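A short worksheet on the structure shown next.
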4 protein chains.
Amino acid sequence: MWELRARIRPVIESRETPAGRIFDWAIQLMILVSVVSYTIETMPGHSEEFYTALKGIEVSLLAIFTCEYVVRLWVAERPWKFIFSFYGLVDLISILPFYLTLGGDLRAVRAIRMLKILRYSRAMNRFRLAFIEIRAELAVFAIASLLVIYLAAVGIYIFENPAQPQIFRSVFDGIWWAVATLTTVGYGDVYPVTIGGKVFTFLVLAVGLGVVAVPSALLASALSRTRTQE
Amino acid sequence: MWELRARIRPVIESRETPAGRIFDWAIQLMILVSVVSYTIETMPGHSEEFYTALKGIEVSLLAIFTCEYVVRLWVAERPWKFIFSFYGLVDLISILPFYLTLGGDLRAVRAIRMLKILRYSRAMNRFRLAFIEIRAELAVFAIASLLVIYLAAVGIYIFENPAQPQIFRSVFDGIWWAVATLTTVGYGDVYPVTIGGKVFTFLVLAVGLGVVAVPSALLASALSRTRTQE
Amino acid sequence: MWELRARIRPVIESRETPAGRIFDWAIQLMILVSVVSYTIETMPGHSEEFYTALKGIEVSLLAIFTCEYVVRLWVAERPWKFIFSFYGLVDLISILPFYLTLGGDLRAVRAIRMLKILRYSRAMNRFRLAFIEIRAELAVFAIASLLVIYLAAVGIYIFENPAQPQIFRSVFDGIWWAVATLTTVGYGDVYPVTIGGKVFTFLVLAVGLGVVAVPSALLASALSRTRTQE
Amino acid sequence: MWELRARIRPVIESRETPAGRIFDWAIQLMILVSVVSYTIETMPGHSEEFYTALKGIEVSLLAIFTCEYVVRLWVAERPWKFIFSFYGLVDLISILPFYLTLGGDLRAVRAIRMLKILRYSRAMNRFRLAFIEIRAELAVFAIASLLVIYLAAVGIYIFENPAQPQIFRSVFDGIWWAVATLTTVGYGDVYPVTIGGKVFTFLVLAVGLGVVAVPSALLASALSRTRTQE
């Protein structure tokens, strides 16, 4: 029994051996199948047979991912550490809800399985390192961004609420406008119509674009530094 | 009396002592309560009781911030310098209007209290240093941006006014279009429909994106230099 | 006569003497008055009297700028060189059209006066230097951007023309879509509705954002290098 | 015969001789004529005569490009290598479809001729070098971007599908929304209306803008490094 466990462990936990690589690719393929099958399932107008087929795929994948979790738990040197590790929790959340609520509509939870693929992504580790490096900076500028967004929201609410009471109903609508404007997405569902509101928008953009752009710029440059260090 | 003042001062003005930290956190919490209560108050459809409760919170916070201002003034080594300092003015504007117009609708002024939180933000100082460093550059490129925006506004007005007299009514509408376009927000409330206007938009974007993006880029790089120097 | 000319020249051509600075500020003020008066004139619904007042300002400024041109020509060491210099041509175009077509509606030409202000802008010189430095690069990447825009335009036309024949009428509409999309302005007047068109948009953005962003990035970094060299 | 071939080869394959330069310019001009004629042809409402003229230009250009291909094949030192080279394939695809389906509507294929112009573009080579340098990085971050886009799509579908079942019909509509939002294009055809969806959009933008912006930033900086190395 222990001998088997010692032989299976490298297959499960490492990508150095041929068998390990095949196992990894198989899991990744099944995550992809799960994701694609979920995406197709959300489309309306499927026939009864097609829906049953998707349901079958789903149940099979649930069984496979359950086996994967049990095996990973079994071969782990320190099982409790595995259970409470990030990837251990992701693996658990990918299967547990279906056992807790047999037959319930938990389609959304299946999207979480996408996170299982992070285990195989070298980018993930780089993001983590870059994030740790500039954690303090990001917090500081994130607060500055929130401040700019909130003050912009209050300002536009004061200017536009009298003119468009149905669009800028409260400061919350102002926050939504500030987010869409300062990120330059600009959906066009909310925008100022008064002269005061337009002048205020100009000032907010002049000041705010720099502030809101800083955190992304910091992350991008930290990532490229992490790349150089490797 | 002076002894008490000497004992209270470090609590108010520094964050080194435990008591000073507690005082700072308490004030920050109350700023947050004030901001959240204002934001909720702007939402329509509150019951009479809920509105009265919000009013009660507001009056209590007004009393607390008034006490804070009086104590800060009392412990300040040079009271006049405190009154005319940036944070002293913010503290004053956060409370004064309510005493000047008892019962008036001055809800908007309450948003200014948000600025009180800047006192506790290290980012603020960094922004100030970065801003001072590139002040001359920013002024120069800000003028260049204004020039580009104005010339773009006149151009689009000339092209689009005959085709859309209700949308591009005057050069002011052109300025609004130029701001939304050159910052790439693009709400979609104003856009060219003539071939001339579209070709002109293409040329304006080709020239103007670089110019308008420079001030933000300068600020971002100055901020990251300030960071390195610390 | 020559003595007078020798005494006036430093006032006109340099900003070192107090009189020269006053002259420069006066001209800049009048350019601003001309621009503001033009901007206000474009607004509809003015009374007859107000319109007459604006007309009076316009005629006075025309007289002043004509004098300025004559004096500049008179004091110039090499008059022909002045006439065909960039600023000499801007000065001429600011006044000539009004003499050629007395009473004609040449309001638009007045916006060109804005360019006179470039004479006083240090930023202008910096832009010129940065532009010369990366002229070759800009040309190369501008062509690459045009290629991406054109291929994107043809692609979206092929995908969307059958579904939206009134929106994507020809490749020209595709070009307008490509410009608005690749600069991320996204007005929302034209966008794909077919699955093919949406997938194509995703691919175009994945490839094209980098290409189209390069010229602005090159200009911004050249400008900041020019700044360092000064 | 071989002598002729030896004399024609430098004209076709190099740009060093005057004749070679003239040949290159002539081909580039005809590519431009082909592209412009195709663009005009897509416009509706042409008269019968004009359409016939465009058809004539098209047939002539087809003949010329066929000759060009035959000559290039004839002078090539290794004909098979030329046929399967990138530019050889582009040249073939520019003409072959018209011979395979005589009279068929293959207008779209003509846009591929635009790619022929890449042969003359120094930028192309630079893009290729920059691309090779950061190929591994791009793949890694492209996968990270896809992950962010997919998770954003699932999230917005879950929040918005109940409120806007006609707009967010399936996860595919969520993907379209995520692409338009994270690239900050923001057409405004799909956007969240629920509070949950708006808060989720804010979080997605806070996290995703940095991730999606990284590949373009990497490409831009690789391109400017390639420039420095030259």
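Identifiers in this document derive from the order of the structure tokens: chains are assigned A, B, ..., residues are numbered from 1 separately in each chain, and ligands are numbered from 1 in order of occurrence.
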Could you produce a table of the residues of chain D lying within 8 Å of chain A, with the nearest pair of atoms per residue and their separation in Å rounded to one decimal, using only C-alpha atoms, ordered by chain and increasing residue number, as JSON lines?
```
{"residue": "D:Val140", "atom": "CA", "partner": "A:Ala123", "partner_atom": "CA", "distance": 5.6}
{"residue": "D:Phe141", "atom": "CA", "partner": "A:Ala123", "partner_atom": "CA", "distance": 6.5}
{"residue": "D:Ala144", "atom": "CA", "partner": "A:Ala123", "partner_atom": "CA", "distance": 6.9}
{"residue": "D:Leu147", "atom": "CA", "partner": "A:Met114", "partner_atom": "CA", "distance": 7.7}
{"residue": "D:Leu151", "atom": "CA", "partner": "A:Ala111", "partner_atom": "CA", "distance": 7.2}
{"residue": "D:Val154", "atom": "CA", "partner": "A:Ala111", "partner_atom": "CA", "distance": 6.9}
{"residue": "D:Ile158", "atom": "CA", "partner": "A:Ala108", "partner_atom": "CA", "distance": 7.0}
{"residue": "D:Arg169", "atom": "CA", "partner": "A:Met43", "partner_atom": "CA", "distance": 6.5}
{"residue": "D:Ser170", "atom": "CA", "partner": "A:Met43", "partner_atom": "CA", "distance": 4.7}
{"residue": "D:Val171", "atom": "CA", "partner": "A:Thr39", "partner_atom": "CA", "distance": 5.6}
{"residue": "D:Phe172", "atom": "CA", "partner": "A:Thr39", "partner_atom": "CA", "distance": 7.2}
{"residue": "D:Thr181", "atom": "CA", "partner": "A:Val185", "partner_atom": "CA", "distance": 6.2}
{"residue": "D:Thr183", "atom": "CA", "partner": "A:Val185", "partner_atom": "CA", "distance": 7.9}
{"residue": "D:Thr184", "atom": "CA", "partner": "A:Val185", "partner_atom": "CA", "distance": 4.1}
{"residue": "D:Val185", "atom": "CA", "partner": "A:Val185", "partner_atom": "CA", "distance": 5.7}
{"residue": "D:Gly186", "atom": "CA", "partner": "A:Val185", "partner_atom": "CA", "distance": 4.8}
{"residue": "D:Tyr187", "atom": "CA", "partner": "A:Tyr187", "partner_atom": "CA", "distance": 5.8}
{"residue": "D:Gly188", "atom": "CA", "partner": "A:Tyr187", "partner_atom": "CA", "distance": 4.1}
{"residue": "D:Asp189", "atom": "CA", "partner": "A:Tyr187", "partner_atom": "CA", "distance": 7.8}
{"residue": "D:Tyr191", "atom": "CA", "partner": "A:Tyr187", "partner_atom": "CA", "distance": 7.0}
{"residue": "D:Lys198", "atom": "CA", "partner": "A:Trp176", "partner_atom": "CA", "distance": 6.9}
{"residue": "D:Phe202", "atom": "CA", "partner": "A:Val179", "partner_atom": "CA", "distance": 6.7}
{"residue": "D:Leu205", "atom": "CA", "partner": "A:Thr183", "partner_atom": "CA", "distance": 7.8}
{"residue": "D:Leu209", "atom": "CA", "partner": "A:Ser216", "partner_atom": "CA", "distance": 6.6}
{"residue": "D:Gly210", "atom": "CA", "partner": "A:Ser216", "partner_atom": "CA", "distance": 4.4}
{"residue": "D:Val211", "atom": "CA", "partner": "A:Ala220", "partner_atom": "CA", "distance": 7.8}
{"residue": "D:Ala213", "atom": "CA", "partner": "A:Ala220", "partner_atom": "CA", "distance": 7.5}
{"residue": "D:Val214", "atom": "CA", "partner": "A:Ala220", "partner_atom": "CA", "distance": 5.6}
{"residue": "D:Ala217", "atom": "CA", "partner": "A:Ala220", "partner_atom": "CA", "distance": 7.4}
{"residue": "D:Leu218", "atom": "CA", "partner": "A:Ser224", "partner_atom": "CA", "distance": 7.6}
```
### Message
as an NGL selection string, please: every residue in chain C that DSSP puts in alpha helix (DSSP H).
### Response
:C and (2-13 or 18-41 or 48-75 or 79-83 or 86-100 or 107-110 or 122-133 or 135-160 or 171-182 or 195-229)
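Counting from atom CA of Phe159 of chain A, the distance to atom CA of Phe168 of chain B is 21.6 Å.
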Quick one: residues within 12 Å of Phe86 of chain A, only C-alpha atoms, excluding same-chain residues fewer than 4 positions away - as a PDB file with all heavy atoms, in the first residue's frame?
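Wrote result_35.pdb, looks like this:
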```pdb
ATOM      1  N   LYS A  81      -2.205  20.047   5.574  1.00  0.00           N
ATOM      2  CA  LYS A  81      -1.638  21.208   4.888  1.00  0.00           C
ATOM      3  C   LYS A  81      -2.207  21.303   3.469  1.00  0.00           C
ATOM      4  O   LYS A  81      -2.510  22.394   2.983  1.00  0.00           O
ATOM      5  CB  LYS A  81      -0.112  21.071   4.835  1.00  0.00           C
ATOM      6  CG  LYS A  81       0.567  22.432   4.687  1.00  0.00           C
ATOM      7  CD  LYS A  81       2.063  22.319   4.522  1.00  0.00           C
ATOM      8  CE  LYS A  81       2.571  23.519   3.754  1.00  0.00           C
ATOM      9  NZ  LYS A  81       3.883  23.300   3.162  1.00  0.00           N
ATOM     10  N   PHE A  82      -2.369  20.122   2.819  1.00  0.00           N
ATOM     11  CA  PHE A  82      -2.939  20.134   1.465  1.00  0.00           C
ATOM     12  C   PHE A  82      -4.372  20.668   1.479  1.00  0.00           C
ATOM     13  O   PHE A  82      -4.746  21.506   0.663  1.00  0.00           O
ATOM     14  CB  PHE A  82      -2.915  18.724   0.868  1.00  0.00           C
ATOM     15  CG  PHE A  82      -3.729  18.621  -0.399  1.00  0.00           C
ATOM     16  CD1 PHE A  82      -3.289  19.198  -1.577  1.00  0.00           C
ATOM     17  CD2 PHE A  82      -4.960  17.967  -0.399  1.00  0.00           C
ATOM     18  CE1 PHE A  82      -4.047  19.130  -2.732  1.00  0.00           C
ATOM     19  CE2 PHE A  82      -5.725  17.902  -1.549  1.00  0.00           C
ATOM     20  CZ  PHE A  82      -5.268  18.471  -2.721  1.00  0.00           C
ATOM     21  N   VAL A  90      -9.347  25.085  -3.644  1.00  0.00           N
ATOM     22  CA  VAL A  90      -9.963  25.203  -4.969  1.00  0.00           C
ATOM     23  C   VAL A  90     -10.486  23.833  -5.416  1.00  0.00           C
ATOM     24  O   VAL A  90     -11.619  23.721  -5.903  1.00  0.00           O
ATOM     25  CB  VAL A  90      -8.956  25.767  -5.997  1.00  0.00           C
ATOM     26  CG1 VAL A  90      -9.476  25.582  -7.420  1.00  0.00           C
ATOM     27  CG2 VAL A  90      -8.683  27.236  -5.732  1.00  0.00           C
ATOM     28  N   ASP A  91      -9.670  22.795  -5.212  1.00  0.00           N
ATOM     29  CA  ASP A  91     -10.095  21.435  -5.590  1.00  0.00           C
ATOM     30  C   ASP A  91     -11.354  21.029  -4.837  1.00  0.00           C
ATOM     31  O   ASP A  91     -12.275  20.428  -5.411  1.00  0.00           O
ATOM     32  CB  ASP A  91      -8.964  20.427  -5.293  1.00  0.00           C
ATOM     33  CG  ASP A  91      -7.859  20.493  -6.337  1.00  0.00           C
ATOM     34  OD1 ASP A  91      -8.063  21.158  -7.358  1.00  0.00           O
ATOM     35  OD2 ASP A  91      -6.808  19.878  -6.108  1.00  0.00           O
ATOM     36  N   LEU A  92     -11.409  21.394  -3.542  1.00  0.00           N
ATOM     37  CA  LEU A  92     -12.549  21.007  -2.717  1.00  0.00           C
ATOM     38  C   LEU A  92     -13.826  21.751  -3.152  1.00  0.00           C
ATOM     39  O   LEU A  92     -14.897  21.144  -3.317  1.00  0.00           O
ATOM     40  CB  LEU A  92     -12.242  21.296  -1.242  1.00  0.00           C
ATOM     41  CG  LEU A  92     -13.240  20.721  -0.233  1.00  0.00           C
ATOM     42  CD1 LEU A  92     -13.273  19.206  -0.334  1.00  0.00           C
ATOM     43  CD2 LEU A  92     -12.876  21.142   1.178  1.00  0.00           C
ATOM     44  N   ILE A  93     -13.677  23.078  -3.353  1.00  0.00           N
ATOM     45  CA  ILE A  93     -14.842  23.887  -3.745  1.00  0.00           C
ATOM     46  C   ILE A  93     -15.352  23.450  -5.127  1.00  0.00           C
ATOM     47  O   ILE A  93     -16.521  23.629  -5.462  1.00  0.00           O
ATOM     48  CB  ILE A  93     -14.494  25.391  -3.727  1.00  0.00           C
ATOM     49  CG1 ILE A  93     -14.132  25.814  -2.302  1.00  0.00           C
ATOM     50  CG2 ILE A  93     -15.665  26.237  -4.216  1.00  0.00           C
ATOM     51  CD1 ILE A  93     -13.537  27.204  -2.208  1.00  0.00           C
ATOM     52  N   LEU A 115     -10.198  27.841 -11.881  1.00  0.00           N
ATOM     53  CA  LEU A 115      -9.061  28.200 -11.026  1.00  0.00           C
ATOM     54  C   LEU A 115      -8.104  27.029 -10.841  1.00  0.00           C
ATOM     55  O   LEU A 115      -6.930  27.229 -10.526  1.00  0.00           O
ATOM     56  CB  LEU A 115      -9.554  28.677  -9.658  1.00  0.00           C
ATOM     57  CG  LEU A 115     -10.287  30.023  -9.660  1.00  0.00           C
ATOM     58  CD1 LEU A 115     -10.897  30.298  -8.302  1.00  0.00           C
ATOM     59  CD2 LEU A 115      -9.335  31.149 -10.046  1.00  0.00           C
ATOM     60  N   LYS A 116      -8.615  25.786 -11.026  1.00  0.00           N
ATOM     61  CA  LYS A 116      -7.736  24.619 -10.907  1.00  0.00           C
ATOM     62  C   LYS A 116      -6.577  24.705 -11.897  1.00  0.00           C
ATOM     63  O   LYS A 116      -5.495  24.191 -11.646  1.00  0.00           O
ATOM     64  CB  LYS A 116      -8.524  23.324 -11.185  1.00  0.00           C
ATOM     65  CG  LYS A 116      -9.333  22.827 -10.005  1.00  0.00           C
ATOM     66  CD  LYS A 116     -10.292  21.725 -10.424  1.00  0.00           C
ATOM     67  CE  LYS A 116      -9.619  20.386 -10.665  1.00  0.00           C
ATOM     68  NZ  LYS A 116      -9.412  19.602  -9.434  1.00  0.00           N
ATOM     69  N   LEU A 118      -4.881  27.175 -12.652  1.00  0.00           N
ATOM     70  CA  LEU A 118      -3.795  28.050 -12.182  1.00  0.00           C
ATOM     71  C   LEU A 118      -2.602  27.242 -11.690  1.00  0.00           C
ATOM     72  O   LEU A 118      -1.465  27.699 -11.756  1.00  0.00           O
ATOM     73  CB  LEU A 118      -4.291  28.942 -11.043  1.00  0.00           C
ATOM     74  CG  LEU A 118      -5.290  30.028 -11.435  1.00  0.00           C
ATOM     75  CD1 LEU A 118      -5.720  30.781 -10.203  1.00  0.00           C
ATOM     76  CD2 LEU A 118      -4.682  30.968 -12.448  1.00  0.00           C
ATOM     77  N   ARG A 119      -2.902  26.016 -11.161  1.00  0.00           N
ATOM     78  CA  ARG A 119      -1.828  25.162 -10.650  1.00  0.00           C
ATOM     79  C   ARG A 119      -0.749  24.937 -11.717  1.00  0.00           C
ATOM     80  O   ARG A 119       0.425  24.766 -11.393  1.00  0.00           O
ATOM     81  CB  ARG A 119      -2.429  23.817 -10.226  1.00  0.00           C
ATOM     82  CG  ARG A 119      -1.452  22.836  -9.649  1.00  0.00           C
ATOM     83  CD  ARG A 119      -2.153  21.535  -9.306  1.00  0.00           C
ATOM     84  NE  ARG A 119      -2.660  21.501  -7.947  1.00  0.00           N
ATOM     85  CZ  ARG A 119      -3.878  21.103  -7.596  1.00  0.00           C
ATOM     86  NH1 ARG A 119      -4.738  20.747  -8.512  1.00  0.00           N
ATOM     87  NH2 ARG A 119      -4.230  21.071  -6.337  1.00  0.00           N
TER      88      ARG A 119
END
```
### Task
Would you kindly return, as a PyMOL selection string, each protein, DNA or RNA residue with an atom no farther than 12 Å from any atom of segment 18-23 of chain A, considering only C-alpha atoms and excluding same-chain residues fewer than 5 positions away?
chain A and resi 7-13+28-30+68+120
Can you write just those residues out, C-alpha atoms, as a compact mmCIF listing (two decimals), in the first residue's frame?
```txt
# COMPACT_ATOMS: atom_id res chain seq x y z
CA ARG A 7 5.01 5.27 -6.77
CA ILE A 8 1.91 7.35 -7.49
CA ARG A 9 3.08 10.49 -5.70
CA PRO A 10 5.57 11.67 -8.37
CA VAL A 11 2.90 11.14 -11.03
CA ILE A 12 0.46 13.40 -9.15
CA GLU A 13 2.72 16.03 -7.70
CA GLN A 28 -6.08 20.22 -17.78
CA LEU A 29 -8.06 18.73 -20.66
CA MET A 30 -10.88 17.78 -18.31
CA GLU A 68 -8.38 13.34 -8.18
CA TYR A 120 -0.23 24.65 -14.07
```
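Here atom CA of Trp2 of chain A and atom CA of Phe84 of chain A stand 23.5 Å from one another.
We find atom CA of Ala63 of chain A and atom CA of Arg15 of chain A to be spaced 23.2 Å apart.
Each of B:Val75, B:Arg113, B:Arg5, B:Glu133 was compared to Tyr87 of chain B using only C-alpha atoms, and B:Arg113 turns out to be the nearest.
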